[in-house]
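Below: one structure, written as structure tokens.
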Amino acid sequence: MSAVQTAGGDTPARSYGSKARPGAVRWRVRSVAGWLGAAPLLAFAAVVFGLVLGTMVYGALTTPESEPGGARLTGANMSASLHGPYLTSLIGSVKLSAVSALIATVAGLPIAHAVVTSRFRALREAVLAGSGVLANFGGVPLAFAFVATLGNAGVLTSRFHLLGHGWSLYGFWGLTLVYLYFLIPLMVLTLTPALEGLRRQWQEAARNNGANTFRYWTHIALPILMPSLLGGFVLLFGSAFSAYATAAAMVGSSVPLVTMQIADALSGNVLVGQGNVALALGVDMVLVAGLVVAVQVPLQRRSAKWLA
Amino acid sequence: MARLTTIRYGRAAVLLIAGAYFLIPLTCAIAFSIGAGVPGQRIGIDAYTGIFSAGGFADSLVLTLKLAAATIALVLGLLVPALVTVRLAAPRLRTLVEIVCLLPLVVPAVALVAGVSAVLRWGSDHFVGTPVFQALVALQNPRFPLVLVLAYTLMALPLAYRTLDTGLAAIDLRLLVEAARACRAPWHRTLFQVVLPNLRGALLNTAFLTLALVLGEYSVAAILGYQPFAVWILAISGSQAQMSVAVSVLGLLVTWVLLLLIAAAGRARHPKETP
């Protein structure tokens with residue numbers, strides 16, 4: 001009986017994968033029961049994710065309920081999140097993320113290239129495994145490693161008397177230096193498959209046509225790598241943009257960042273009633289992150305197609 | 001020939017500079033934690049031996065491990081049935097499940113926690129004296145904050161989905177299940193004795209990655225006011241800088257060993273399969 005209901009699901013079920021056998025007809029019966037397996041995940045996502053995101057958007061678009069008149073629809077929170085100190089923090093976050101992602105992209109390319117073309121297999125494996133580890137390494141331990149190295153009482157700072165030379169880890173460039181520690185490995189991981197896809201024959205063909213190394217890179221390699229580079233840059237940008245723990249453990253609020261503003265507003269470090277502005281800032285962040293994903297996915301697909 | 005040497009030197013230089021950048025902070029952190037290189041400190045491993053007797057260490061570590069265990073159980077409990085059925089019975093759900101699992105990527109942790117705290121505040125304003133209120137209080141139980149488990153599960157979904165999906169793609173699930181069913185194995189035996197053992201690698205990977213995420217997670221817990229491991233490290237850094245660096249180094253090593261084990265396990269499997 002259920003076979004009739006789900007007859008429409010038969011075609012995709014059978015054409016799914018190359019391994020489908022004629023016996024797959026039997027699976028029709030199960031396709032209604034099959035939905036049940038996915039139900040907990042979908043329900044969890046709908047309830048938890050939907051509730052969180054829904055409340056955030058609702059709060060961002062309404063006045064606080066404690067106000068006279070209760071919750072009314074308003075654009076004031078969103079517009080407040082784009083003015084004054086909040087705008088400064090958004091711009092600060094974008095600037096820090098863009099600068100560190102750009103530096104990581106420029107630095108990651110030669111490293112990934114050196115690794116891919118290396119004769120030593122062990123070196124390759126070690127660098128790739130290490131990158132996988134370092135790309136996941138952020139947060140408080142990373143901040144402390146750098147504070148112990150280059151902070152005011154750090155090992156290198158006191159050995160080389162860097163404070164006398166005007167060095168401070170607790171500013172924009174210090175934070176950039178720290179962010180690079182997990183961004184560069186992420187870039188190396190992103191670029192390695194693309195660089196492996198560059199055929200040796202292309203370089204030989206270019207050389208036969210009289211191109212030197214510089215022309216090979218500017219006319220052939222870089223254009224082919226461009227989707228991977230851009231996609232990697234955007235990925236790194238998103239990763240730096242949403243980072244909070246490292247900055248919170250290291251610089252406090254001396255560098256204005258949107259994540260810090262949200263945290264401060266939530267813990268009540270600012271005026272009461274700013275909670276809804278924090279939600280509006282959260283919506284801003286989701287929009288930026290959504291934009292990042294929307295840009296990155298097509299680029300990734302393009303790069304996979306070109307270098308397949 | 002001269003060109004080739006230039007390239008080789010260039011490559012060596014790049015790798016040397018990168019190596020220095022990545023190794024120096026680690027070396028300095030270890031040096032700092034044993035008191036070397038800091039004026040007025042004597043060298044010793046007091047910072048390490050003192051960890052276990054430090055106030056709050058055991059509590060925060062136990063809390064973190066409990067959270068990690070619950071998160072891993074929830075992630076696997078939600079994802080494994082969903083992905084198995086998507087592959088076996090409901091391929092049309094594949095896109096929906098993929099979108100649902102990757103959606104948390106567009107919500108940074110700090111934005112997520114803003115939403116979570118809004119839900120908690122809103123709920124406790126509106127449902128005083130109802131079972132919903134009780135449930136919200138239970139969610140925020142400081143001894144075992146379930147709300148963190150829910151948030152961590154959302155945050156772990158994208159990576160866990162990719163890992164498990166790759167693992168499922170590597171085995172012929174349909175063939176395995178048909179074979180087991182042909183041998184008259186009931187569904188639960190098919191799942192627990194045929195499918196899951198073949199997915200052991202992917203399940204372990206997912207569990208380890210989730211564990212690493214929970215061990216290092218700071219933002220959500222700190223903003224919601226709980227004190228698992230990462231928050232505790234920051235809390236003691238003011239009074240015991242050396243020990244906080246020592247704990248960071250230890251935590252780092254543990255996480256790295258975990259992740260390197262995954263990497264090694266992932267690489268070791270492939271040559272065995274192709275004779």
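Scheme for the structure tokens: letters A, B, ... for chains in order shown; per-chain residue numbers from 1; ligand numbers from 1 in order shown.
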Selection: 8 Å around range 169-178 of chain B, only C-alpha atoms, excl. self and same-chain fewer than 6 positions, as an MDAnalysis selection string:
chainID B and resid 87:88 190 194:195 198
Can you pull out the residues contacting Gln261 in chain A? Cut-off 9 Å, using only C-alpha atoms, and skip same-chain residues under 6 positions away; I want them as a PDB file with N, CA and C atoms, in the first residue's frame.
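Writing done, so here's out.pdb:
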ATOM      1  N   PRO A  85      29.640  53.379  17.939  1.00  0.00           N
ATOM      2  CA  PRO A  85      30.671  52.402  18.326  1.00  0.00           C
ATOM      3  C   PRO A  85      30.432  51.023  17.689  1.00  0.00           C
ATOM      4  N   TYR A  86      29.138  50.707  17.413  1.00  0.00           N
ATOM      5  CA  TYR A  86      28.864  49.401  16.814  1.00  0.00           C
ATOM      6  C   TYR A  86      29.389  49.335  15.391  1.00  0.00           C
ATOM      7  N   SER A  89      33.038  48.868  15.490  1.00  0.00           N
ATOM      8  CA  SER A  89      33.459  47.499  15.758  1.00  0.00           C
ATOM      9  C   SER A  89      33.252  46.613  14.531  1.00  0.00           C
ATOM     10  N   SER A 253      39.413  44.790  25.133  1.00  0.00           N
ATOM     11  CA  SER A 253      38.619  45.579  24.194  1.00  0.00           C
ATOM     12  C   SER A 253      39.441  46.671  23.526  1.00  0.00           C
ATOM     13  N   ALA A 278      22.443  43.962  20.501  1.00  0.00           N
ATOM     14  CA  ALA A 278      23.347  42.816  20.374  1.00  0.00           C
ATOM     15  C   ALA A 278      22.770  41.793  19.408  1.00  0.00           C
ATOM     16  N   LEU A 281      23.304  43.042  15.997  1.00  0.00           N
ATOM     17  CA  LEU A 281      24.691  42.787  15.589  1.00  0.00           C
ATOM     18  C   LEU A 281      24.860  41.324  15.196  1.00  0.00           C
TER      19      LEU A 281
END
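Distances here use only C-alpha atoms; by that measure, the residue among A:Ala211, A:Val251, A:Leu156, A:Leu235 closest to chain B is A:Leu156.
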For a quick test of understanding: name the residues of chain B lying within 7 Å of chain A when counting only C-alpha atoms, and present them as a count of residues only.
43
So which bits of range 65-95 of chain B end up alpha helix (DSSP H) when you DSSP the backbone, as a PDB file with C-alpha atoms, in the first residue's frame?
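states00.pdb written:
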ATOM      1  CA  LEU B  65      34.393  15.780  29.595  1.00  0.00           C
ATOM      2  CA  LYS B  66      30.751  15.254  30.530  1.00  0.00           C
ATOM      3  CA  LEU B  67      29.705  17.897  28.006  1.00  0.00           C
ATOM      4  CA  ALA B  68      31.912  16.287  25.380  1.00  0.00           C
ATOM      5  CA  ALA B  69      30.451  12.821  25.985  1.00  0.00           C
ATOM      6  CA  ALA B  70      26.881  14.113  25.781  1.00  0.00           C
ATOM      7  CA  THR B  71      27.632  16.141  22.642  1.00  0.00           C
ATOM      8  CA  ILE B  72      29.280  13.187  20.900  1.00  0.00           C
ATOM      9  CA  ALA B  73      26.331  10.941  21.780  1.00  0.00           C
ATOM     10  CA  LEU B  74      23.806  13.477  20.506  1.00  0.00           C
ATOM     11  CA  VAL B  75      25.731  14.239  17.282  1.00  0.00           C
ATOM     12  CA  LEU B  76      26.118  10.559  16.418  1.00  0.00           C
ATOM     13  CA  GLY B  77      22.599   9.695  17.539  1.00  0.00           C
ATOM     14  CA  LEU B  78      21.140  12.333  15.234  1.00  0.00           C
ATOM     15  CA  LEU B  79      23.444  12.003  12.263  1.00  0.00           C
ATOM     16  CA  VAL B  80      24.000   8.261  11.839  1.00  0.00           C
ATOM     17  CA  PRO B  81      20.330   7.267  11.401  1.00  0.00           C
ATOM     18  CA  ALA B  82      19.692  10.287   9.192  1.00  0.00           C
ATOM     19  CA  LEU B  83      22.637   9.659   6.880  1.00  0.00           C
ATOM     20  CA  VAL B  84      22.039   5.906   6.688  1.00  0.00           C
ATOM     21  CA  THR B  85      18.383   6.355   5.744  1.00  0.00           C
ATOM     22  CA  VAL B  86      19.235   9.093   3.273  1.00  0.00           C
ATOM     23  CA  ARG B  87      21.548   6.679   1.500  1.00  0.00           C
ATOM     24  CA  LEU B  88      19.278   3.651   1.727  1.00  0.00           C
ATOM     25  CA  ARG B  94      19.766  14.216   0.794  1.00  0.00           C
ATOM     26  CA  THR B  95      19.823  17.876  -0.179  1.00  0.00           C
TER      27      THR B  95
END
Write out as an MDAnalysis selection string which residues come within 12 Å of range 192-208 of chain A when counting only C-alpha atoms, dropping same-chain ones fewer than 3 positions away.
chainID A and resid 108:118 124:125 127:128 131:132 185:189 211:229 231:232 300:308
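Neighbours of Glu98 in chain B closer than or equal to 9 Å, with only C-alpha atoms counted and sequence neighbours fewer than 4 positions away skipped, come out as Leu93, Arg94, Leu102, Leu103, Pro158 and Tyr161 of chain B.
The shortest atom-to-atom distance to Pro64 in chain A, with only C-alpha atoms taken into account, belongs to B:Arg121 out of B:Arg42, B:Thr6, B:Arg121, B:Leu96.
What separates CA of Gly123 in chain B from CA of Gln227 in chain B is a distance of 23.1 Å.
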Measure the distance from CA of Gly201 in chain B to CA of Thr166 in chain B in Å and round it to one decimal.
10.5 Å
